[in-house]
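In what follows, a single structure is set out as structure tokens and then discussed.
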Amino acid sequence: MPRAVLVWLLGRRPPTAGVPGKNTGLRTATSGGYPPGSTSPRALNIFDRDLKRKQKNWAARQPEAVKFDYLKDEVGSRIADRVYDIARDFPLALNVGCGRGYIAQHLNKETVGKFFQADIAEHALIHYVLKPDGVFIGAMFGGDTLYELRCSLQLAETEREGGFSPHVSPFTAVNDLGHLLGRAGFNTLTVDTDEIQVNYPGMFELMEDLQGMGESNCAWNRKALLHRDTMLAAAAVYGEMYRNEDGSVPATYQIYYMIGWKYHDSQARPAQRGSATMSFGELGKINNLVSQGKKSK
């Protein structure tokens with residue numbers, strides 16, 4: 001049975017667009033709802049997917065679209081690292097949300113034979129594509145992503161307008177990922193988190209890059225616009241609270257990485273309950289036995 005790997009990515013920007021920041025981790029973004037008219041009654045319809053498609057298409061048509069790829073390129077290389085960490089080769093792989101091939105450029109044919117890429121896929125595609133013992137590797141933005149920008153906008157809007165609305169798309173909590181993967185039928189789950197910090201000349205340059213990435217807010221409850229005074233106040237708050245010594249401002253991108261395997265009979269399974277031959281109480285004796293063995297030598 002041929003094994004397949006499914007890789008999913010959303011997320012990057014070049015050093016020339018801003019001041020490179022300290023690299024401390026990973027992170028990514030995902031939409032969790034069905035489009036209008038969906039027949040799934042339990043689905044949360046949080047994101048305007050038609051708007052997100054328009055944002056992505058607009059960003060791709062810009063004359064210097066490549067200059068906004070720095071974050072997605074970095075996340076793509078880290079996803080490729082996780083593919084290489086798995087001690088097997090994959091004849092087939094599918095990259096859902098491939099963009100301009102942010103993952104493919106970091107893989108080789110010795111590890112991945114045929115590599116298919118798709119930039120838009122339906123919610124159930126994973127279940128139809130993955131074969132038994134296939135692996136799903138995903139990356140998405142985490143809850144601490146752009147916390148500097150969110151905090152600055154909230155403080156400024158509250159002060160100037162007497163309240164605030166969400167201006168950044170909502171993110172998933174890391175605690176929910178394991179449950180979501182389990183409900184989707186995956187096992188042998190692995191979830192880890194990391195952060196990437198990028199420095200920008202100011203808040204407006206950060207927002208320009210987010211637009212260039214096609215990662216502007218697309219939640220249904222988004223506010224149509226922000227007043228000029230509120231934007232200027234938010235930029236001032238951002239600089240006052242988070243400014244670096246060189247005058248730049250940091251933006252944190254938290255990335256969640258997920259690995260899940262589709263069930264196959266050959267996969268290792270936990271032993272039956274009560275089949276252990278040693279109790280946890282006896283584990284404390286191991287150090288004594290090792291010490292005695294060293295002394296006897």
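Quick note on naming: the chains in the structure tokens go A, B, ... in the order shown, residues restart at 1 in each chain, and ligands are numbered from 1 in order of appearance.
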
**Study point:** Spatial neighbours of stretch 261-263 of chain A, max dist 6 Å, only C-alpha atoms, sep filter under 4 positions, as a ChimeraX atom specification
**Key:** /A:132-135,186-187

Could you write out the selected residues, including C-alpha atoms, as a PDB file, in the first residue's frame?
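Heads up, here's the output in out_36.pdb:
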```pdb
ATOM      1  CA  PRO A 132      -4.186   4.237   5.276  1.00  0.00           C
ATOM      2  CA  ASP A 133      -0.925   4.925   7.116  1.00  0.00           C
ATOM      3  CA  GLY A 134      -0.692   8.276   5.337  1.00  0.00           C
ATOM      4  CA  VAL A 135       0.467  11.286   7.319  1.00  0.00           C
ATOM      5  CA  PHE A 186      -6.168  10.858  12.898  1.00  0.00           C
ATOM      6  CA  ASN A 187      -4.053   9.080  15.517  1.00  0.00           C
TER       7      ASN A 187
END
```

Would you give me, as a tab-separated table, each residue of stretch 163-219 of chain A having an atom within 9 Å of an atom of stretch 71-74 of chain A, along with its shortest atom pair and that distance in Å to one decimal, using only C-alpha atoms and sorting by chain and residue number?
```
residue	atom	partner	partner_atom	distance
A:Ile196	CA	A:Leu71	CA	8.2
A:Val198	CA	A:Leu71	CA	8.7
A:Met213	CA	A:Lys72	CA	8.7
```

Revision key, fill the gap. Min atom-atom distance to A:Asp48 from the set A:Lys109, A:Arg222, A:Arg183, A:Arg160, counting only C-alpha atoms, belongs to A:Arg222

Check your understanding: Running DSSP on the backbone, which parts of stretch 29-172 of chain A land in helix (DSSP H, G or I), as a PyMOL selection string?
Key -> chain A and resi 49-60+65-68+70-85+104-106+125-129+147-161

Mind writing the picked residues with C-alpha atoms as a compact mmCIF listing (two decimals), in the first residue's frame?
```txt
# COMPACT_ATOMS: atom_id res chain seq x y z
CA ARG A 49 -14.23 32.54 2.19
CA ASP A 50 -15.20 34.46 -0.94
CA LEU A 51 -13.48 37.52 0.52
CA LYS A 52 -10.40 35.46 1.43
CA ARG A 53 -10.21 34.16 -2.15
CA LYS A 54 -10.39 37.72 -3.44
CA GLN A 55 -7.67 38.82 -1.01
CA LYS A 56 -5.39 35.99 -2.16
CA ASN A 57 -6.04 36.69 -5.85
CA TRP A 58 -5.44 40.42 -5.38
CA ALA A 59 -2.14 39.76 -3.59
CA ALA A 60 -1.00 37.34 -6.30
CA ALA A 65 4.09 39.95 -4.83
CA VAL A 66 7.25 37.92 -4.15
CA LYS A 67 8.55 40.46 -1.63
CA PHE A 68 5.77 39.46 0.77
CA TYR A 70 9.29 35.87 3.51
CA LEU A 71 7.03 34.47 6.25
CA LYS A 72 5.50 31.72 4.11
CA ASP A 73 8.92 30.71 2.80
CA GLU A 74 10.19 30.33 6.36
CA VAL A 75 7.18 28.28 7.49
CA GLY A 76 7.46 26.17 4.32
CA SER A 77 11.07 25.29 5.13
CA ARG A 78 10.12 24.30 8.68
CA ILE A 79 7.30 22.08 7.43
CA ALA A 80 9.81 20.42 5.08
CA ASP A 81 12.07 19.81 8.09
CA ARG A 82 9.24 17.90 9.73
CA VAL A 83 8.80 15.78 6.61
CA TYR A 84 12.51 14.90 6.71
CA ASP A 85 12.19 14.00 10.40
CA ALA A 104 8.03 22.19 -2.63
CA GLN A 105 11.22 24.22 -3.01
CA HIS A 106 12.61 22.63 0.17
CA LEU A 125 -10.41 16.76 0.73
CA ILE A 126 -8.03 15.34 3.35
CA HIS A 127 -10.22 12.34 4.05
CA TYR A 128 -10.53 11.36 0.39
CA VAL A 129 -6.86 11.81 -0.48
CA TYR A 147 -0.72 40.22 19.73
CA GLU A 148 1.16 43.53 19.55
CA LEU A 149 -1.05 44.79 16.71
CA ARG A 150 -4.27 43.53 18.29
CA CYS A 151 -3.51 45.12 21.65
CA SER A 152 -2.57 48.45 20.07
CA LEU A 153 -5.74 48.58 17.95
CA GLN A 154 -7.96 47.68 20.91
CA LEU A 155 -6.46 50.33 23.19
CA ALA A 156 -6.63 53.05 20.54
CA GLU A 157 -10.16 52.22 19.40
CA THR A 158 -11.45 52.03 22.97
CA GLU A 159 -9.94 55.42 23.78
CA ARG A 160 -11.09 57.16 20.58
CA GLU A 161 -14.42 55.44 19.88
```

Exercise for review: Pick out the closest residue to A:Val168 from this set: A:Pro63, A:Gly97, A:Gly143, A:Gly182. Count only C-alpha atoms.
Suggested key: A:Gly143

With only C-alpha atoms as the counted atoms, please give the residues lying no more than 12 Å from stretch 190-194 of chain A, apart from itself and same-chain residues fewer than 3 positions off, as an mmCIF file with N, CA, C and O atoms, in the first residue's frame.
```cif
data_model
loop_
_atom_site.group_PDB
_atom_site.id
_atom_site.type_symbol
_atom_site.label_atom_id
_atom_site.label_comp_id
_atom_site.auth_asym_id
_atom_site.auth_seq_id
_atom_site.Cartn_x
_atom_site.Cartn_y
_atom_site.Cartn_z
ATOM 1 N N ASN A 23 14.481 35.159 15.574
ATOM 2 C CA ASN A 23 13.694 34.004 15.204
ATOM 3 C C ASN A 23 13.560 33.096 16.415
ATOM 4 O O ASN A 23 14.517 32.475 16.831
ATOM 5 N N THR A 24 12.355 33.021 17.004
ATOM 6 C CA THR A 24 12.173 32.233 18.212
ATOM 7 C C THR A 24 11.150 31.137 18.054
ATOM 8 O O THR A 24 10.855 30.444 19.001
ATOM 9 N N GLY A 25 10.535 30.955 16.881
ATOM 10 C CA GLY A 25 9.541 29.919 16.812
ATOM 11 C C GLY A 25 8.760 29.856 15.529
ATOM 12 O O GLY A 25 9.170 30.369 14.530
ATOM 13 N N LEU A 26 7.544 29.191 15.597
ATOM 14 C CA LEU A 26 6.729 28.969 14.427
ATOM 15 C C LEU A 26 5.267 29.347 14.612
ATOM 16 O O LEU A 26 4.788 29.440 15.704
ATOM 17 N N ARG A 27 4.477 29.322 13.459
ATOM 18 C CA ARG A 27 3.055 29.548 13.594
ATOM 19 C C ARG A 27 2.261 29.569 12.290
ATOM 20 O O ARG A 27 2.846 29.774 11.247
ATOM 21 N N THR A 28 0.902 29.576 12.089
ATOM 22 C CA THR A 28 0.083 29.546 10.865
ATOM 23 C C THR A 28 -1.366 29.939 11.001
ATOM 24 O O THR A 28 -1.835 30.207 12.066
ATOM 25 N N GLU A 74 9.588 30.835 5.125
ATOM 26 C CA GLU A 74 10.185 30.327 6.365
ATOM 27 C C GLU A 74 9.360 29.175 6.939
ATOM 28 O O GLU A 74 9.901 28.137 7.339
ATOM 29 N N VAL A 75 8.037 29.356 6.974
ATOM 30 C CA VAL A 75 7.180 28.284 7.485
ATOM 31 C C VAL A 75 7.262 27.069 6.573
ATOM 32 O O VAL A 75 7.276 25.924 7.042
ATOM 33 N N ARG A 78 10.242 25.012 7.405
ATOM 34 C CA ARG A 78 10.116 24.300 8.680
ATOM 35 C C ARG A 78 9.149 23.115 8.563
ATOM 36 O O ARG A 78 9.320 22.117 9.258
ATOM 37 N N ILE A 79 8.151 23.243 7.701
ATOM 38 C CA ILE A 79 7.301 22.080 7.434
ATOM 39 C C ILE A 79 8.115 21.001 6.728
ATOM 40 O O ILE A 79 7.998 19.804 7.039
ATOM 41 N N ARG A 82 10.033 18.914 9.050
ATOM 42 C CA ARG A 82 9.237 17.896 9.732
ATOM 43 C C ARG A 82 8.976 16.688 8.839
ATOM 44 O O ARG A 82 8.825 15.575 9.324
ATOM 45 N N VAL A 135 0.216 10.309 6.262
ATOM 46 C CA VAL A 135 0.467 11.286 7.319
ATOM 47 C C VAL A 135 0.016 12.666 6.864
ATOM 48 O O VAL A 135 0.203 13.057 5.710
ATOM 49 N N PHE A 136 -0.625 13.389 7.773
ATOM 50 C CA PHE A 136 -1.029 14.774 7.556
ATOM 51 C C PHE A 136 -0.102 15.675 8.368
ATOM 52 O O PHE A 136 0.066 15.486 9.577
ATOM 53 N N ILE A 137 0.520 16.645 7.700
ATOM 54 C CA ILE A 137 1.379 17.622 8.368
ATOM 55 C C ILE A 137 0.810 19.003 8.067
ATOM 56 O O ILE A 137 0.680 19.383 6.906
ATOM 57 N N GLY A 138 0.441 19.736 9.100
ATOM 58 C CA GLY A 138 -0.173 21.039 8.898
ATOM 59 C C GLY A 138 0.491 22.120 9.715
ATOM 60 O O GLY A 138 1.170 21.855 10.711
ATOM 61 N N ALA A 139 0.302 23.356 9.287
ATOM 62 C CA ALA A 139 0.811 24.515 10.013
ATOM 63 C C ALA A 139 -0.233 25.610 9.949
ATOM 64 O O ALA A 139 -0.880 25.807 8.922
ATOM 65 N N MET A 140 -0.443 26.289 11.073
ATOM 66 C CA MET A 140 -1.419 27.365 11.106
ATOM 67 C C MET A 140 -1.020 28.401 12.152
ATOM 68 O O MET A 140 -0.258 28.117 13.059
ATOM 69 N N PHE A 141 -1.540 29.610 11.991
ATOM 70 C CA PHE A 141 -1.259 30.664 12.949
ATOM 71 C C PHE A 141 -1.872 30.332 14.302
ATOM 72 O O PHE A 141 -2.985 29.811 14.384
ATOM 73 N N GLY A 142 -1.132 30.635 15.374
ATOM 74 C CA GLY A 142 -1.582 30.368 16.734
ATOM 75 C C GLY A 142 -2.144 31.605 17.404
ATOM 76 O O GLY A 142 -2.099 32.726 16.870
ATOM 77 N N GLY A 143 -2.648 31.416 18.613
ATOM 78 C CA GLY A 143 -3.389 32.458 19.313
ATOM 79 C C GLY A 143 -2.598 33.698 19.672
ATOM 80 O O GLY A 143 -3.176 34.771 19.883
ATOM 81 N N ASP A 144 -1.266 33.607 19.783
ATOM 82 C CA ASP A 144 -0.456 34.776 20.133
ATOM 83 C C ASP A 144 0.006 35.556 18.908
ATOM 84 O O ASP A 144 0.784 36.512 19.036
ATOM 85 N N THR A 145 -0.458 35.168 17.749
ATOM 86 C CA THR A 145 -0.056 35.849 16.519
ATOM 87 C C THR A 145 -0.526 37.301 16.514
ATOM 88 O O THR A 145 -1.686 37.598 16.802
ATOM 89 N N ALA A 173 -6.817 27.903 19.495
ATOM 90 C CA ALA A 173 -5.988 27.627 20.671
ATOM 91 C C ALA A 173 -5.298 26.283 20.496
ATOM 92 O O ALA A 173 -5.858 25.351 19.917
ATOM 93 N N VAL A 174 -4.067 26.173 20.997
ATOM 94 C CA VAL A 174 -3.300 24.945 20.807
ATOM 95 C C VAL A 174 -3.986 23.754 21.462
ATOM 96 O O VAL A 174 -3.867 22.620 20.997
ATOM 97 N N ASN A 175 -4.734 24.001 22.544
ATOM 98 C CA ASN A 175 -5.421 22.903 23.227
ATOM 99 C C ASN A 175 -6.476 22.245 22.355
ATOM 100 O O ASN A 175 -6.843 21.087 22.579
ATOM 101 N N ASP A 176 -6.989 22.976 21.370
ATOM 102 C CA ASP A 176 -8.059 22.444 20.525
ATOM 103 C C ASP A 176 -7.548 21.574 19.382
ATOM 104 O O ASP A 176 -8.313 20.792 18.806
ATOM 105 N N LEU A 177 -6.273 21.705 19.034
ATOM 106 C CA LEU A 177 -5.774 21.021 17.844
ATOM 107 C C LEU A 177 -5.829 19.511 17.974
ATOM 108 O O LEU A 177 -6.215 18.802 17.041
ATOM 109 N N GLY A 178 -5.407 18.986 19.129
ATOM 110 C CA GLY A 178 -5.438 17.542 19.326
ATOM 111 C C GLY A 178 -6.848 16.990 19.224
ATOM 112 O O GLY A 178 -7.067 15.939 18.604
ATOM 113 N N HIS A 179 -7.816 17.708 19.808
ATOM 114 C CA HIS A 179 -9.210 17.267 19.734
ATOM 115 C C HIS A 179 -9.715 17.294 18.295
ATOM 116 O O HIS A 179 -10.410 16.370 17.856
ATOM 117 N N LEU A 180 -9.365 18.335 17.552
ATOM 118 C CA LEU A 180 -9.818 18.445 16.176
ATOM 119 C C LEU A 180 -9.229 17.332 15.309
ATOM 120 O O LEU A 180 -9.928 16.731 14.490
ATOM 121 N N LEU A 181 -7.934 17.057 15.483
ATOM 122 C CA LEU A 181 -7.307 15.989 14.704
ATOM 123 C C LEU A 181 -7.898 14.633 15.066
ATOM 124 O O LEU A 181 -8.111 13.783 14.195
ATOM 125 N N GLY A 182 -8.151 14.418 16.364
ATOM 126 C CA GLY A 182 -8.739 13.153 16.784
ATOM 127 C C GLY A 182 -10.134 12.959 16.217
ATOM 128 O O GLY A 182 -10.482 11.878 15.742
ATOM 129 N N PHE A 186 -7.611 11.065 12.878
ATOM 130 C CA PHE A 186 -6.168 10.858 12.898
ATOM 131 C C PHE A 186 -5.736 10.304 14.257
ATOM 132 O O PHE A 186 -6.364 10.550 15.280
ATOM 133 N N ASN A 187 -4.629 9.560 14.262
ATOM 134 C CA ASN A 187 -4.053 9.080 15.517
ATOM 135 C C ASN A 187 -2.550 9.323 15.520
ATOM 136 O O ASN A 187 -2.007 9.863 14.568
ATOM 137 N N GLN A 197 9.529 36.127 14.859
ATOM 138 C CA GLN A 197 9.373 37.556 15.116
ATOM 139 C C GLN A 197 10.036 38.352 14.002
ATOM 140 O O GLN A 197 11.194 38.127 13.672
ATOM 141 N N THR A 252 4.884 39.463 16.170
ATOM 142 C CA THR A 252 5.072 38.053 16.502
ATOM 143 C C THR A 252 4.101 37.198 15.709
ATOM 144 O O THR A 252 2.899 37.471 15.683
ATOM 145 N N TYR A 253 4.646 36.173 15.059
ATOM 146 C CA TYR A 253 3.832 35.188 14.353
ATOM 147 C C TYR A 253 4.016 33.846 15.061
ATOM 148 O O TYR A 253 5.102 33.266 15.026
ATOM 149 N N GLN A 254 2.979 33.390 15.726
ATOM 150 C CA GLN A 254 3.047 32.094 16.386
ATOM 151 C C GLN A 254 2.535 31.033 15.418
ATOM 152 O O GLN A 254 1.486 31.206 14.790
ATOM 153 N N ILE A 255 3.273 29.922 15.302
ATOM 154 C CA ILE A 255 2.911 28.863 14.371
ATOM 155 C C ILE A 255 2.653 27.577 15.140
ATOM 156 O O ILE A 255 3.456 27.178 15.976
ATOM 157 N N TYR A 256 1.510 26.949 14.870
ATOM 158 C CA TYR A 256 1.226 25.615 15.383
ATOM 159 C C TYR A 256 1.512 24.616 14.273
ATOM 160 O O TYR A 256 1.044 24.788 13.145
ATOM 161 N N TYR A 257 2.255 23.554 14.609
ATOM 162 C CA TYR A 257 2.520 22.471 13.664
ATOM 163 C C TYR A 257 1.803 21.214 14.142
ATOM 164 O O TYR A 257 1.836 20.895 15.325
ATOM 165 N N MET A 258 1.165 20.520 13.219
ATOM 166 C CA MET A 258 0.378 19.336 13.547
ATOM 167 C C MET A 258 0.810 18.164 12.684
ATOM 168 O O MET A 258 1.063 18.335 11.485
ATOM 169 N N ILE A 259 0.900 16.998 13.286
ATOM 170 C CA ILE A 259 1.159 15.760 12.553
ATOM 171 C C ILE A 259 0.150 14.721 13.031
ATOM 172 O O ILE A 259 -0.017 14.515 14.229
ATOM 173 N N GLY A 260 -0.527 14.088 12.094
ATOM 174 C CA GLY A 260 -1.488 13.036 12.415
ATOM 175 C C GLY A 260 -1.447 11.950 11.354
ATOM 176 O O GLY A 260 -1.232 12.238 10.173
ATOM 177 N N TRP A 261 -1.651 10.715 11.775
ATOM 178 C CA TRP A 261 -1.570 9.564 10.864
ATOM 179 C C TRP A 261 -2.953 8.956 10.686
ATOM 180 O O TRP A 261 -3.710 8.806 11.645
#
```

Practice item. Mind listing the strand (DSSP E or B) residues of stretch 31-273 of chain A, per DSSP on the backbone, as a PyMOL selection string? Key: chain A and resi 47+90-96+112-118+135-142+172+186-200+219+249-262

Atoms kept (C-alpha atoms) for selection, written as a short mmCIF file (atom, residue, chain, number, x, y, z; two decimals), in the first residue's frame:
```
data_model
loop_
_atom_site.label_atom_id
_atom_site.label_comp_id
_atom_site.auth_asym_id
_atom_site.auth_seq_id
_atom_site.Cartn_x
_atom_site.Cartn_y
_atom_site.Cartn_z
CA PHE A 47 -14.79 33.40 7.82
CA PHE A 90 6.68 9.14 0.38
CA PRO A 91 5.77 8.20 -3.21
CA LEU A 92 2.90 10.73 -3.18
CA ALA A 93 2.30 14.05 -1.42
CA LEU A 94 -0.34 16.77 -1.65
CA ASN A 95 0.24 20.37 -0.58
CA VAL A 96 -3.07 22.10 0.18
CA VAL A 112 8.88 12.78 -1.90
CA GLY A 113 8.24 11.17 -5.28
CA LYS A 114 5.24 12.88 -6.86
CA PHE A 115 4.27 16.18 -5.26
CA PHE A 116 0.84 17.64 -6.08
CA GLN A 117 -0.03 21.21 -5.18
CA ALA A 118 -3.41 22.90 -4.77
CA VAL A 135 0.47 11.29 7.32
CA PHE A 136 -1.03 14.77 7.56
CA ILE A 137 1.38 17.62 8.37
CA GLY A 138 -0.17 21.04 8.90
CA ALA A 139 0.81 24.51 10.01
CA MET A 140 -1.42 27.36 11.11
CA PHE A 141 -1.26 30.66 12.95
CA GLY A 142 -1.58 30.37 16.73
CA THR A 172 -7.22 28.52 17.18
CA PHE A 186 -6.17 10.86 12.90
CA ASN A 187 -4.05 9.08 15.52
CA THR A 188 -0.44 9.16 16.79
CA LEU A 189 -0.82 12.92 17.03
CA THR A 190 2.00 15.44 17.47
CA VAL A 191 1.45 19.16 18.07
CA ASP A 192 4.22 21.69 18.68
CA THR A 193 4.42 25.46 18.61
CA ASP A 194 7.05 28.00 17.68
CA GLU A 195 7.32 31.72 16.99
CA ILE A 196 8.77 33.92 14.29
CA GLN A 197 9.37 37.56 15.12
CA VAL A 198 9.77 40.10 12.33
CA ASN A 199 10.69 43.76 12.86
CA TYR A 200 9.04 46.51 10.80
CA ALA A 219 -14.11 37.24 9.54
CA VAL A 249 8.53 47.56 16.03
CA PRO A 250 8.22 43.76 16.36
CA ALA A 251 5.39 41.56 15.11
CA THR A 252 5.07 38.05 16.50
CA TYR A 253 3.83 35.19 14.35
CA GLN A 254 3.05 32.09 16.39
CA ILE A 255 2.91 28.86 14.37
CA TYR A 256 1.23 25.61 15.38
CA TYR A 257 2.52 22.47 13.66
CA MET A 258 0.38 19.34 13.55
CA ILE A 259 1.16 15.76 12.55
CA GLY A 260 -1.49 13.04 12.42
CA TRP A 261 -1.57 9.56 10.86
CA LYS A 262 -4.50 7.84 9.20
#
```

Check your understanding: Expressed in Å to a single decimal, how great is the separation between atom CA of A:Gly163 and atom CA of A:Leu210?
Key -> 23.9 Å
